[in-house]
Structure formats: C-alpha cells, structure tokens
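Undergrad: Sharing model_14.cif (mmCIF, C-alpha atoms) below.
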```
data_final
#
loop_
_atom_site.label_atom_id
_atom_site.label_comp_id
_atom_site.auth_asym_id
_atom_site.auth_seq_id
_atom_site.Cartn_x
_atom_site.Cartn_y
_atom_site.Cartn_z
CA MET W 26 -26.31 33.55 24.42
CA ASN W 27 -25.95 32.48 20.78
CA ASP W 28 -23.53 35.00 19.25
CA ASN W 29 -20.44 33.01 18.29
CA SER W 30 -18.03 35.94 18.63
CA PHE W 31 -19.21 36.50 22.20
CA VAL W 32 -18.84 32.82 23.04
CA ILE W 33 -15.32 32.69 21.59
CA ARG W 34 -14.39 35.89 23.43
CA ALA W 35 -15.67 34.53 26.74
CA LEU W 36 -13.99 31.17 26.26
CA LEU W 37 -10.58 32.49 25.24
CA SER W 38 -10.57 35.36 27.74
CA ASP W 39 -11.20 32.93 30.59
CA ILE W 40 -8.44 30.57 29.48
CA VAL W 41 -5.95 33.35 28.64
CA LEU W 42 -6.37 35.08 31.99
CA ARG W 43 -6.58 31.97 34.19
CA GLY W 44 -4.41 29.49 32.33
CA SER W 45 -7.21 26.95 32.03
CA SER W 46 -10.96 26.72 32.52
CA ASN W 47 -13.83 24.27 31.96
CA ARG W 48 -17.14 24.25 30.15
CA SER W 49 -19.38 24.39 33.21
CA SER W 50 -17.72 27.45 34.79
CA ILE W 51 -17.67 29.37 31.49
CA SER W 52 -21.31 28.51 30.77
CA ARG W 53 -22.36 29.53 34.27
CA HIS W 54 -20.28 32.73 34.47
CA TYR W 55 -21.16 34.11 31.02
CA GLY W 56 -24.71 32.76 30.69
CA ILE W 57 -23.89 30.66 27.61
CA ARG W 58 -26.08 27.70 26.71
CA PRO W 59 -24.12 24.45 27.12
CA ALA W 60 -24.99 23.28 23.59
CA THR W 61 -23.72 26.55 22.09
CA LEU W 62 -20.51 26.40 24.09
CA THR W 63 -19.96 22.75 23.15
CA ALA W 64 -20.19 23.54 19.44
CA VAL W 65 -17.59 26.31 19.76
CA VAL W 66 -15.25 24.22 21.93
CA GLU W 67 -15.34 21.30 19.51
CA ARG W 68 -14.62 23.60 16.57
CA LEU W 69 -11.60 25.15 18.29
CA LYS W 70 -10.33 21.69 19.25
CA ARG W 71 -10.56 20.55 15.64
CA ARG W 72 -8.58 23.62 14.59
CA GLY W 73 -5.84 22.67 17.02
CA LEU W 74 -6.22 25.71 19.29
CA LEU W 75 -7.71 24.02 22.36
CA LEU W 76 -7.02 20.85 24.33
CA GLU W 77 -9.45 18.97 26.54
CA PRO W 78 -7.51 15.76 27.25
CA GLU W 79 -9.92 14.28 29.78
CA ARG W 80 -12.86 14.50 27.44
CA GLN W 81 -13.34 12.36 24.33
CA GLY W 82 -16.09 13.38 21.90
CA ARG W 83 -19.11 15.34 23.09
CA HIS W 84 -19.69 13.44 26.34
CA CYS W 85 -17.59 12.74 29.37
CA GLY W 86 -18.16 11.26 32.79
CA ARG W 87 -16.32 14.15 34.42
CA ARG W 88 -18.13 17.48 34.51
CA ALA W 89 -15.15 19.79 34.93
CA SER W 90 -12.70 18.49 32.34
CA PRO W 91 -10.01 21.21 32.00
CA LEU W 92 -9.81 23.28 28.83
CA SER W 93 -6.46 24.82 27.88
CA LEU W 94 -4.67 26.26 24.88
CA ASN W 95 -2.80 23.75 22.76
CA PRO W 96 0.94 24.35 23.28
CA GLN W 97 1.61 23.11 19.75
CA ALA W 98 -0.48 25.89 18.18
CA GLY W 99 2.54 28.18 17.85
CA SER W 100 5.76 29.66 19.25
CA PHE W 101 6.00 33.28 20.35
CA TYR W 102 8.85 35.56 21.34
CA GLY W 103 9.06 38.61 23.58
CA LEU W 104 11.77 41.27 23.67
CA GLU W 105 12.20 44.10 26.16
CA LEU W 106 14.76 46.82 25.48
CA THR W 107 16.02 48.73 28.52
CA PRO W 108 18.88 51.25 28.86
CA LYS W 109 21.02 48.45 30.32
CA CYS W 110 20.20 45.32 28.33
CA VAL W 111 17.86 43.33 26.11
CA TYR W 112 15.66 40.72 27.77
CA ALA W 113 14.35 37.96 25.50
CA LEU W 114 11.97 35.10 26.24
CA SER W 115 10.06 32.50 24.22
CA ILE W 116 6.83 30.65 25.01
CA ASN W 117 4.56 28.11 23.37
CA ALA W 118 0.86 28.80 22.72
CA SER W 119 -0.18 27.68 26.20
CA GLY W 120 2.17 30.26 27.75
CA GLU W 121 4.81 27.79 28.92
CA GLU W 122 8.30 29.30 28.89
CA LYS W 123 10.71 27.62 26.47
CA GLY W 124 13.80 29.80 26.82
CA ARG W 125 15.20 33.10 28.05
CA LEU W 126 18.35 35.18 27.78
CA CYS W 127 19.71 38.61 28.61
CA LEU W 128 22.22 40.53 26.50
CA PRO W 129 23.98 43.59 28.00
CA LEU W 130 23.77 46.89 26.16
CA ARG W 131 26.94 48.93 25.80
CA PRO W 132 26.57 52.57 26.98
CA GLY W 133 26.25 54.96 24.05
CA ALA W 134 25.29 52.20 21.59
CA SER W 135 23.84 53.39 18.28
CA SER W 136 20.38 52.41 17.07
CA LYS W 137 22.03 50.15 14.48
CA THR W 138 23.97 48.34 17.21
CA ILE W 139 20.83 47.98 19.31
CA CYS W 140 18.92 46.50 16.36
CA GLY W 141 21.73 44.01 15.87
CA LEU W 142 21.47 43.05 19.54
CA LEU W 143 17.70 42.49 19.21
CA LEU W 144 18.26 40.14 16.28
CA LYS W 145 21.03 38.33 18.16
CA ALA W 146 18.61 37.77 21.05
CA LEU W 147 15.95 36.36 18.73
CA GLN W 148 18.42 34.08 17.00
CA GLY W 149 19.68 32.86 20.36
CA LEU W 150 16.17 31.76 21.31
CA ARG W 151 14.82 30.30 18.08
CA GLY W 152 17.99 28.65 16.75
CA SER W 153 17.39 27.03 13.38
CA SER W 154 13.58 26.99 13.59
CA SER W 155 11.17 28.61 11.12
CA PRO W 156 12.33 31.93 9.64
CA GLN W 157 9.03 33.49 10.75
CA CYS W 158 9.10 34.76 14.31
CA LEU W 159 5.86 35.99 15.91
CA LEU W 160 6.98 38.53 18.48
CA GLY W 161 6.02 41.23 20.93
CA PHE W 162 8.33 44.13 21.70
CA ALA W 163 8.47 46.27 24.85
CA ASP W 164 10.01 49.62 23.88
CA PRO W 165 11.82 51.93 26.34
CA GLY W 166 10.15 55.06 24.93
CA THR W 167 7.02 56.18 23.13
CA ILE W 168 5.62 54.44 20.05
CA ASP W 169 3.49 55.72 17.20
CA LEU W 170 1.19 52.74 16.65
CA LYS W 171 -0.03 54.08 13.32
CA SER W 172 3.42 54.22 11.72
CA GLY W 173 4.97 51.48 13.85
CA ARG W 174 7.90 53.68 14.85
CA SER W 175 9.64 54.14 18.16
CA LYS W 176 9.56 57.91 18.54
CA GLN W 177 11.78 58.78 21.50
CA ALA W 178 13.42 57.13 24.49
CA VAL W 179 14.70 59.75 26.92
CA ASN W 180 17.00 57.29 28.71
CA LEU W 181 18.32 55.79 25.47
CA PRO W 182 19.02 58.84 23.25
CA ALA W 183 20.13 56.86 20.17
CA TRP W 184 16.80 55.03 20.08
CA GLU W 185 14.80 57.64 18.16
CA ASN W 186 12.46 57.41 15.17
CA VAL W 187 13.26 53.72 14.62
CA PRO W 188 10.95 51.97 12.08
CA LEU W 189 10.23 48.97 14.30
CA ARG W 190 7.36 47.42 12.36
CA GLU W 191 9.31 47.44 9.12
CA PHE W 192 12.46 46.22 10.88
CA PHE W 193 10.73 43.21 12.43
CA LYS W 194 8.82 42.47 9.23
CA ILE W 195 12.07 42.24 7.24
CA ASN W 196 14.27 40.58 9.85
CA ALA W 197 11.81 38.42 11.80
CA GLY W 198 9.15 37.71 9.18
CA ASP W 199 6.35 39.07 11.38
CA ASP W 200 3.89 41.30 9.51
CA LYS W 201 2.05 42.22 12.71
CA PRO W 202 4.50 42.47 15.65
CA LEU W 203 2.98 43.71 18.89
CA LEU W 204 4.67 47.02 19.79
CA ALA W 205 4.13 48.98 23.01
CA PRO W 206 6.02 50.97 25.67
CA GLU W 207 7.61 48.72 28.27
CA THR W 208 5.77 50.27 31.21
CA LEU W 209 2.39 49.55 29.59
CA ILE W 210 3.36 45.95 28.91
CA ARG W 211 4.66 45.59 32.46
CA THR W 212 1.37 47.03 33.74
CA TYR W 213 -0.49 44.23 31.97
CA ALA W 214 2.02 41.78 33.47
CA GLU W 215 1.07 43.05 36.93
CA TYR W 216 -2.60 42.55 36.09
CA LEU W 217 -2.06 38.95 34.98
CA HIS W 218 -0.11 38.28 38.16
CA CYS W 219 -3.20 39.22 40.21
CA ALA W 220 -5.02 36.07 39.00
CA PRO W 221 -7.55 34.90 40.01
CA ASP W 222 -8.54 38.07 41.90
CA PHE W 223 -8.25 40.64 39.12
CA PRO W 224 -8.75 44.24 40.34
CA GLU W 225 -11.29 46.41 38.54
CA THR W 226 -8.66 49.15 38.24
CA LEU W 227 -4.87 48.94 38.60
CA PHE W 228 -2.17 51.62 38.50
CA HIS W 229 1.47 50.57 38.08
CA ALA W 230 4.51 52.83 38.48
CA HIS W 231 8.03 51.78 37.50
CA PHE W 232 10.95 53.61 39.18
CA ASP W 233 14.31 52.73 37.67
CA GLU W 234 16.72 54.41 35.25
CA GLY W 235 13.59 56.15 34.01
CA ILE W 236 10.10 56.53 35.48
CA GLY W 237 6.99 55.31 33.73
CA ALA W 238 3.50 54.10 34.51
CA GLY W 239 0.37 52.42 33.23
CA PHE W 240 -3.30 52.28 34.15
CA LEU W 241 -5.62 49.39 33.46
CA SER W 242 -9.42 49.32 33.85
CA LYS W 243 -11.58 46.21 33.41
CA GLY W 244 -8.77 44.30 31.76
CA GLU W 245 -7.84 46.94 29.19
CA LEU W 246 -4.94 49.39 29.18
CA LEU W 247 -5.39 53.12 28.85
CA ILE W 248 -2.97 53.89 26.01
CA GLY W 249 -4.04 57.39 24.95
CA GLU W 250 -3.46 58.87 21.53
CA ARG W 251 -0.72 56.94 19.70
CA CYS W 252 0.21 54.98 22.83
CA ALA W 253 1.75 58.00 24.57
CA SER W 254 -0.14 58.18 27.87
CA MET W 255 1.13 57.80 31.44
CA GLU W 256 4.51 59.52 31.02
CA LEU W 257 4.69 59.81 34.80
CA GLY W 258 8.38 60.66 34.89
CA HIS W 259 7.87 63.77 32.79
CA LEU W 260 5.20 65.47 34.84
CA VAL W 261 6.67 68.88 35.64
CA LEU W 262 6.40 69.33 39.41
CA THR W 263 8.87 72.15 40.04
CA PRO W 264 9.09 74.65 37.16
CA GLY W 265 12.65 75.91 37.01
CA GLY W 266 13.95 72.88 38.94
CA ARG W 267 16.65 70.44 37.91
CA ARG W 268 16.94 69.91 34.18
CA CYS W 269 15.54 66.60 32.96
CA ARG W 270 16.99 64.63 30.06
CA CYS W 271 13.73 65.29 28.18
CA GLY W 272 14.70 68.99 28.05
CA ASN W 273 12.24 70.33 30.61
CA ARG W 274 13.02 71.37 34.16
CA GLY W 275 11.52 70.02 37.35
CA CYS W 276 10.17 66.69 35.99
CA LEU W 277 9.64 63.88 38.49
CA GLU W 278 12.43 61.98 36.74
CA ALA W 279 14.77 64.94 37.29
CA MET W 280 13.95 64.75 41.00
CA ALA W 281 13.71 61.00 41.62
CA GLY W 282 15.22 59.19 38.62
CA ALA W 283 18.55 57.36 38.58
CA ALA W 284 20.54 60.24 37.06
CA ALA W 285 19.13 62.70 39.61
CA ILE W 286 19.89 60.42 42.56
CA ARG W 287 23.43 59.87 41.28
CA GLN W 288 23.97 63.63 40.99
CA MET W 289 22.54 64.35 44.46
CA MET W 290 24.70 61.62 46.01
CA GLN W 291 27.76 63.19 44.40
CA GLU W 292 26.76 66.57 45.85
CA LEU W 293 26.40 65.04 49.33
CA VAL W 294 29.80 63.36 49.10
CA ALA W 295 31.41 66.59 47.80
CA SER W 296 29.98 68.45 50.82
CA GLY W 297 31.71 66.01 53.18
CA VAL W 298 28.90 63.57 54.04
CA ALA W 299 30.34 60.11 54.70
CA THR W 300 29.05 57.12 52.77
CA GLN W 301 30.03 53.51 52.14
CA MET W 302 29.03 53.86 48.48
CA ASN W 303 31.60 53.73 45.70
CA MET W 304 30.55 56.73 43.62
CA GLN W 305 32.75 55.61 40.69
CA GLU W 306 30.50 52.56 40.29
CA PHE W 307 27.18 54.05 41.33
CA SER W 308 24.04 52.01 40.64
CA LEU W 309 20.48 52.23 41.87
CA ALA W 310 20.70 48.67 43.19
CA GLU W 311 23.72 49.58 45.35
CA PHE W 312 22.07 52.84 46.45
CA VAL W 313 18.99 50.92 47.63
CA ARG W 314 21.13 48.30 49.36
CA GLN W 315 23.08 50.96 51.27
CA ALA W 316 19.92 52.86 52.21
CA ASN W 317 18.42 49.68 53.66
CA ALA W 318 21.71 49.00 55.46
CA ASN W 319 21.45 52.40 57.22
CA ASP W 320 24.24 54.15 55.35
CA ARG W 321 23.47 57.67 56.53
CA ALA W 322 23.90 59.53 53.22
CA ALA W 323 22.00 56.93 51.20
CA GLU W 324 19.26 56.69 53.83
CA VAL W 325 18.69 60.46 53.93
CA LEU W 326 18.59 60.75 50.15
CA ALA W 327 16.31 57.70 49.87
CA GLN W 328 13.84 59.30 52.29
CA GLU W 329 13.95 62.58 50.32
CA THR W 330 13.34 60.65 47.10
CA CYS W 331 10.34 58.86 48.63
CA GLU W 332 8.92 62.21 49.73
CA ARG W 333 9.21 63.51 46.15
CA ILE W 334 7.47 60.45 44.72
CA ALA W 335 4.66 60.26 47.28
CA PRO W 336 2.74 63.47 46.35
CA VAL W 337 2.67 62.35 42.72
CA MET W 338 1.13 59.03 43.73
CA ALA W 339 -1.46 60.95 45.76
CA MET W 340 -2.21 63.06 42.67
CA ILE W 341 -2.68 59.87 40.62
CA THR W 342 -4.98 58.47 43.29
CA THR W 343 -7.14 61.60 43.13
CA LEU W 344 -7.32 61.47 39.33
CA LEU W 345 -7.81 57.73 38.76
CA ASN W 346 -9.06 56.33 42.09
CA PRO W 347 -7.37 52.93 41.52
CA HIS W 348 -8.26 49.82 43.46
CA THR W 349 -4.63 48.62 43.40
CA ILE W 350 -1.30 50.46 43.13
CA LEU W 351 1.82 48.44 42.30
CA ILE W 352 5.40 49.74 42.44
CA SER W 353 8.25 48.14 40.48
CA GLY W 354 11.84 48.92 39.45
CA GLU W 355 15.06 49.25 41.45
CA LEU W 356 13.63 51.94 43.76
CA ALA W 357 10.85 49.53 44.75
CA GLY W 358 13.61 47.91 46.80
CA LEU W 359 13.14 50.72 49.32
CA GLY W 360 10.03 48.78 50.29
CA LYS W 361 8.48 49.93 53.56
CA MET W 362 10.07 53.39 53.40
CA LEU W 363 8.50 54.09 50.01
CA LEU W 364 5.12 52.51 50.79
CA GLU W 365 4.75 54.44 54.05
CA SER W 366 5.53 57.73 52.29
CA ILE W 367 2.90 57.02 49.62
CA ARG W 368 0.24 55.98 52.14
CA ARG W 369 0.89 59.08 54.24
CA ALA W 370 0.63 61.38 51.20
CA ILE W 371 -2.64 59.76 50.09
CA ARG W 372 -4.06 60.08 53.59
CA GLN W 373 -3.10 63.77 53.83
CA ARG W 374 -3.77 64.96 50.28
CA CYS W 375 -6.64 62.95 48.78
CA LEU W 376 -10.14 64.30 49.36
CA ASN W 377 -12.50 61.72 50.88
CA SER W 378 -9.94 59.00 50.19
CA ARG W 379 -10.38 55.82 52.19
CA GLN W 380 -6.69 55.03 52.12
CA GLU W 381 -7.06 51.75 53.97
CA GLU W 382 -9.16 50.37 51.08
CA ILE W 383 -6.47 50.99 48.45
CA ILE W 384 -4.08 48.09 47.96
CA ILE W 385 -0.55 49.49 47.67
CA LYS W 386 2.30 47.03 47.31
CA ILE W 387 5.66 46.24 45.77
CA SER W 388 5.73 44.19 42.58
CA ALA W 389 6.70 40.53 42.94
CA LEU W 390 7.60 40.09 39.24
CA ASP W 391 11.10 39.39 37.95
CA GLU W 392 13.16 41.26 35.37
CA TYR W 393 11.79 39.12 32.52
CA ALA W 394 8.17 40.17 33.12
CA GLY W 395 8.16 42.64 30.21
CA ALA W 396 9.55 40.17 27.67
CA ARG W 397 7.26 37.38 28.91
CA THR W 398 4.13 39.53 28.67
CA ALA W 399 5.11 40.91 25.25
CA ALA W 400 5.22 37.29 24.02
CA LEU W 401 1.86 36.52 25.67
CA LEU W 402 0.21 39.54 24.07
CA ARG W 403 1.58 38.57 20.65
CA ARG W 404 0.10 35.10 21.25
CA ASN W 405 -3.25 36.76 21.99
CA VAL W 406 -3.17 38.75 18.75
CA PHE W 407 -2.37 35.49 16.93
CA LEU W 408 -5.49 33.91 18.44
CA GLU W 409 -7.63 36.86 17.35
CA ASP W 410 -6.28 36.70 13.82
CA SER W 411 -6.69 32.92 13.62
CA LEU W 412 -10.36 33.24 14.51
CA GLY W 413 -11.07 36.30 12.39
CA LEU W 414 -11.79 38.47 15.41
CA ARG W 415 -11.13 42.19 15.43
CA SER W 416 -9.02 43.35 18.37
CA GLU W 417 -11.88 45.35 19.87
CA THR W 418 -14.02 42.18 19.87
CA VAL W 419 -11.68 40.64 22.45
CA PRO W 420 -10.31 43.55 24.49
CA SER W 421 -9.05 41.42 27.35
CA LEU W 422 -6.85 39.37 25.01
CA ALA W 423 -4.98 42.21 23.32
CA ALA W 424 -5.32 44.58 26.33
CA GLY W 425 -5.93 47.48 23.98
CA LEU W 426 -2.59 46.99 22.21
CA GLY W 427 -3.58 44.69 19.34
#
```
Any chance you could put this one into structure tokens?
TA:
Amino acid sequence: MNDNSFVIRALLSDIVLRGSSNRSSISRHYGIRPATLTAVVERLKRRGLLLEPERQGRHCGRRASPLSLNPQAGSFYGLELTPKCVYALSINASGEEKGRLCLPLRPGASSKTICGLLLKALQGLRGSSSPQCLLGFADPGTIDLKSGRSKQAVNLPAWENVPLREFFKINAGDDKPLLAPETLIRTYAEYLHCAPDFPETLFHAHFDEGIGAGFLSKGELLIGERCASMELGHLVLTPGGRRCRCGNRGCLEAMAGAAAIRQMMQELVASGVATQMNMQEFSLAEFVRQANANDRAAEVLAQETCERIAPVMAMITTLLNPHTILISGELAGLGKMLLESIRRAIRQRCLNSRQEEIIIKISALDEYAGARTAALLRRNVFLEDSLGLRSETVPSLAAGLG
C-alpha cells in the first residue's frame, strides 16, 4: 500500500487507540510495505510527532521497537460541564495526564458565571504557560457544530444559545476547539477503555441528573444532524405522563431521572413509607446507597426505576443490535439490580435476540472520563491538522467529531 494518507492514518490510529505500536505489527495488520512505512515513520519522527527511542536511524537490532507519540509535541486541555460542577484535565501529546481539578457549580448560576468558572478551571491547569490553549469541551446539552453554539441543556437552564466557539477563541486562543455533548464524548471514552479488544458496535447510556446516550460503530460516533442524536432521556414513553423539564410529558427522564426519583421519594415519604434517607439533602448517590443497603422505600423505588429503564434498553437493542452495552452515571451504582432488569427485558422483548451474546456491564470509568477524552480528541484533531489530513481521512482519530 503506497498511499501516504492511508499509511499515516493506519500508523496514527494504531498508536492513538493502543497507546503505542511498532512497525512490524502495523505493516502486517494493514498490509503496508515496510519501506513505505519506514519513510513515513522517519518523516513523523523528524517533525517531532513520534518517538522510537530504541531505534536509531533506519536499522535496529530489535524488530519490535515501540513507536509512541512524542509527549513534547503539545499540551491539551479537556473541560466537562455538568449540572453540579466543572471537571478539568490536562494531558501532553502522548496522553499522559498532567493535572486535574474540579470546581463546584452553584445552583441557578447564570451562563456568564458558568463561563467564568470554565476560564478559572483552565487557568488553574495551565498557570502561566502559553496564552494559547488547545482544548476539548464536553457540553451538558446539544451543540450546533456549524455555528459552534451550545443550544440547550435541559438540566442546566441558564446554559442556552452560548457561542462556545467564539468564547474559546477569544478567551483560550483556540481557533478550533473540539465541541460535543458530554454523553457522546463519554461514549468514546468507553470505547477507548475497551482496548485492546474494541467492540464493532458499542452503546453507552448515562443515568444521572439527566439521561443521555451514544452509539459508536467501527470506531466512529453516530452524531446525527448537528450533533443532536441519542437524546435517550427525552424519548416519550408515556404520553400524558409526568412533565419533563424539556416541556414534554412522559419522557424517560421524567420517569427515571434524578428530579423524578426525588419527587417520587417525597411522595412515598408523604404517604407514610419509612426511610432512612434525609429528604432535605436528597442526592442520587445517597438514594443508590440506601437502595443497596435495603432501605425499603429506596429499594422499592430503585426496582421501579430499573423496570422503567429496561424496556428502553430493549428497544435500543432491537434498533441498533449493539455488541456491547455500557451503563454509567450515579444510577449505575444499582449494579446487579439494573443489569438483571435490562437482561430480562432484552430476553422477553427482542425478536431473535441472543441475549447471552450481548455484553452488558457497568462502566469502570471515573468522573474525569469526559474531560480526559475531550482533551484526547482535541489532541487527535491537532494531529490531523499538523499533517494536513481532513477529519474524514482519519475517522478513528476524531471519532466523527473533528
């Protein structure tokens, strides 16, 4: 294979997804002639993008000298905005974490206050370094990629029609920030965490203050028109049901989101059901803890919540037929209870579904996964730009978001 763009794509994709690689495995896996691969590797080493420390010149006594990205090639920052806080994390070009912090978000904060908090997080990470800050941003709502605006965040009402691209261009010096909904970025984080056994298809659902999802096929995210796909929480399941904060009635989020669970717990307590929970300081984390500790009211409501979620996951399985389903967010702490409800619904509702072949599990990622992956994706766009590659030339680097 002689096409240089293909060789670069294969080389970088392998290193980006696996952390490091070597010439022989890339040549063998992608069918690239060793001489062609060598020419590309040496060029990228001269440009300071790759390191191959155990190999000097074009020849080496060791066949599998490791190839990796040069950590000195750049610094990258990731931000994730949630209804509760801002997560921020920085990495070097090889993906090594250099710093992290979390800043709490005051309830009812204005968009101006939130923007100030984002800048404070960036300044806390980069200190007195270069005024330019290459960053990725995980947004809590929907984003119009064409205009670079955050359109609407149901669980953060003040965050509406915010000109993110212009804001980061002026205040961070980045002309091309990577912008995407947090659940899509977290879906790509789940995919990277599967290394080295990447699934062909992966569906990720996040159950927390809000409910969102993402679907990834062959290393690329399904983003839909203007990055507005997979609004799982706003599927209307019961027309005329509880009112959702999006304005509709009967959405999944109105039946299984944090606000709905809080309201239903209050109704149970008002009807005389005993609970150990302090309803004045209700949180999903405490609700999950009490449910797992066999608090009767929390346990009953947790089981009802799982039974509301499960049919939706069966519906998704019928539509997308994913190889792997991953569940994250505070409600993922229900663990076995939630997984058993989903497996039972898939077994009962999905036509010709071989439920035992679908991998369904709880996410193992931490709360910084969104910020970390936003930084990694911005790093990937930087690599594409540095090499003059269009985003569609290297889909597995930008994951469809570049």
Undergrad: With only C-alpha atoms as the basis for distance, which of W:Gly266, W:Gly120, W:Pro182, W:Gly237 is at the shortest distance from Glu207 (chain W)?
TA: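 Closest candidate: W:Gly237.
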Undergrad: If we count all atoms listed in the file and set the cut-off at 8 Å, which residues sit around Arg404 (chain W), ignoring sequence neighbours fewer than 2 positions away in its own chain? Please answer as a list in words.
TA: Phe101, Ala118, Leu159, Ala400, Leu401, Leu402, Val406, Phe407 and Leu408 of chain W
Undergrad: Print the selection's residues with C-alpha atoms to a file, as a compact mmCIF listing (two decimals), in the coordinates of the input.
TA:
```txt
# COMPACT_ATOMS: atom_id res chain seq x y z
CA PHE W 101 6.00 33.28 20.35
CA ALA W 118 0.86 28.80 22.72
CA LEU W 159 5.86 35.99 15.91
CA ALA W 400 5.22 37.29 24.02
CA LEU W 401 1.86 36.52 25.67
CA LEU W 402 0.21 39.54 24.07
CA VAL W 406 -3.17 38.75 18.75
CA PHE W 407 -2.37 35.49 16.93
CA LEU W 408 -5.49 33.91 18.44
```
Undergrad: Rank W:Glu278, W:Asp410, W:Glu256, W:Asp199 by their smallest atom-to-atom distance to Ile341 (chain W), using all atoms listed in the file, and report the top residue only.
TA: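 Of the candidates, the smallest distance to Ile341 (chain W) is held by W:Glu256.
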Undergrad: Between W:Glu234, W:Ile116, W:Val298, W:Pro108, which one has atoms that come closest to Leu128 (chain W), using all atoms listed in the file?
TA: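 Of W:Glu234, W:Ile116, W:Val298, W:Pro108, the one nearest Leu128 (chain W), counting all atoms listed in the file, is W:Pro108.
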Undergrad: From the options W:Leu204, W:Leu150, W:Thr330, W:Lys109, which residue's atoms come nearest to Arg131 (chain W), counting only C-alpha atoms?
TA: W:Lys109
Undergrad: Quick one: residues within 10 Å of Ile139 (chain W), only C-alpha atoms, excluding same-chain residues fewer than 3 positions away - as a ChimeraX atom specification?
TA: /W:106,110-111,130-131,134-136,142-145,183-184
Undergrad: Can I get the selection written as a PDB file, keeping the file's coordinate frame, with C-alpha atoms?
TA:
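Once everything was written out, this is part-v2.pdb:
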```pdb
ATOM      1  CA  LEU W 106      14.760  46.820  25.480  1.00  0.00           C
ATOM      2  CA  CYS W 110      20.200  45.320  28.330  1.00  0.00           C
ATOM      3  CA  VAL W 111      17.860  43.330  26.110  1.00  0.00           C
ATOM      4  CA  LEU W 130      23.770  46.890  26.160  1.00  0.00           C
ATOM      5  CA  ARG W 131      26.940  48.930  25.800  1.00  0.00           C
ATOM      6  CA  ALA W 134      25.290  52.200  21.590  1.00  0.00           C
ATOM      7  CA  SER W 135      23.840  53.390  18.280  1.00  0.00           C
ATOM      8  CA  SER W 136      20.380  52.410  17.070  1.00  0.00           C
ATOM      9  CA  LEU W 142      21.470  43.050  19.540  1.00  0.00           C
ATOM     10  CA  LEU W 143      17.700  42.490  19.210  1.00  0.00           C
ATOM     11  CA  LEU W 144      18.260  40.140  16.280  1.00  0.00           C
ATOM     12  CA  LYS W 145      21.030  38.330  18.160  1.00  0.00           C
ATOM     13  CA  ALA W 183      20.130  56.860  20.170  1.00  0.00           C
ATOM     14  CA  TRP W 184      16.800  55.030  20.080  1.00  0.00           C
TER      15      TRP W 184
END
```
Undergrad: Nearest residue to Ile334 (chain W) out of W:Ala60, W:Leu217, W:Ala281, W:Leu37, using all atoms listed in the file?
TA: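 So, comparing all the options, the nearest one is W:Ala281.
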Undergrad: Which distance in Å separates CA of Asp28 (chain W) and CA of Val41 (chain W), to one decimal?
TA: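 If I compute the distance from CA of Asp28 (chain W) to CA of Val41 (chain W), I get 20.0 Å.
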Undergrad: Which one of W:Leu227, W:Leu309, W:Ile51, W:Ile248 sits closest to Glu215 (chain W) if you count all atoms listed in the file?
TA: W:Leu227
Undergrad: CA of Gln328 (chain W) and CA of Ala295 (chain W) are how many Å apart?
TA: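 Interatomic distance, CA of Gln328 (chain W) to CA of Ala295 (chain W): 19.5 Å.
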Undergrad: Can you sort out region 396-413 of chain W so it carries N, CA and C atoms, written as a compact mmCIF listing (two decimals), in the frame of the given file?
TA:
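Generated file (selection-v6.txt):
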```
# COMPACT_ATOMS: atom_id res chain seq x y z
N ALA W 396 9.36 41.04 28.83
CA ALA W 396 9.55 40.17 27.67
C ALA W 396 8.51 39.06 27.66
N ARG W 397 8.25 38.47 28.82
CA ARG W 397 7.26 37.38 28.91
C ARG W 397 5.87 37.87 28.49
N THR W 398 5.48 39.03 28.96
CA THR W 398 4.13 39.53 28.67
C THR W 398 4.03 40.02 27.23
N ALA W 399 5.11 40.54 26.67
CA ALA W 399 5.11 40.91 25.25
C ALA W 399 4.85 39.68 24.39
N ALA W 400 5.46 38.54 24.75
CA ALA W 400 5.22 37.29 24.02
C ALA W 400 3.78 36.83 24.20
N LEU W 401 3.24 36.93 25.41
CA LEU W 401 1.86 36.52 25.67
C LEU W 401 0.88 37.37 24.87
N LEU W 402 1.11 38.67 24.81
CA LEU W 402 0.21 39.54 24.07
C LEU W 402 0.28 39.26 22.57
N ARG W 403 1.49 38.94 22.08
CA ARG W 403 1.58 38.57 20.65
C ARG W 403 0.82 37.27 20.40
N ARG W 404 0.89 36.33 21.34
CA ARG W 404 0.10 35.10 21.25
C ARG W 404 -1.39 35.41 21.17
N ASN W 405 -1.83 36.39 21.97
CA ASN W 405 -3.25 36.76 21.99
C ASN W 405 -3.70 37.35 20.66
N VAL W 406 -2.84 38.19 20.07
CA VAL W 406 -3.17 38.75 18.75
C VAL W 406 -3.24 37.63 17.71
N PHE W 407 -2.35 36.65 17.82
CA PHE W 407 -2.37 35.49 16.93
C PHE W 407 -3.71 34.76 17.04
N LEU W 408 -4.20 34.59 18.25
CA LEU W 408 -5.49 33.91 18.44
C LEU W 408 -6.62 34.70 17.78
N GLU W 409 -6.61 36.02 17.96
CA GLU W 409 -7.63 36.86 17.35
C GLU W 409 -7.61 36.73 15.83
N ASP W 410 -6.42 36.79 15.28
CA ASP W 410 -6.28 36.70 13.82
C ASP W 410 -6.72 35.32 13.32
N SER W 411 -6.35 34.28 14.03
CA SER W 411 -6.69 32.92 13.62
C SER W 411 -8.19 32.70 13.56
N LEU W 412 -8.91 33.42 14.42
CA LEU W 412 -10.36 33.24 14.51
C LEU W 412 -11.13 34.34 13.81
N GLY W 413 -10.40 35.23 13.12
CA GLY W 413 -11.07 36.30 12.39
C GLY W 413 -11.75 37.31 13.27
```
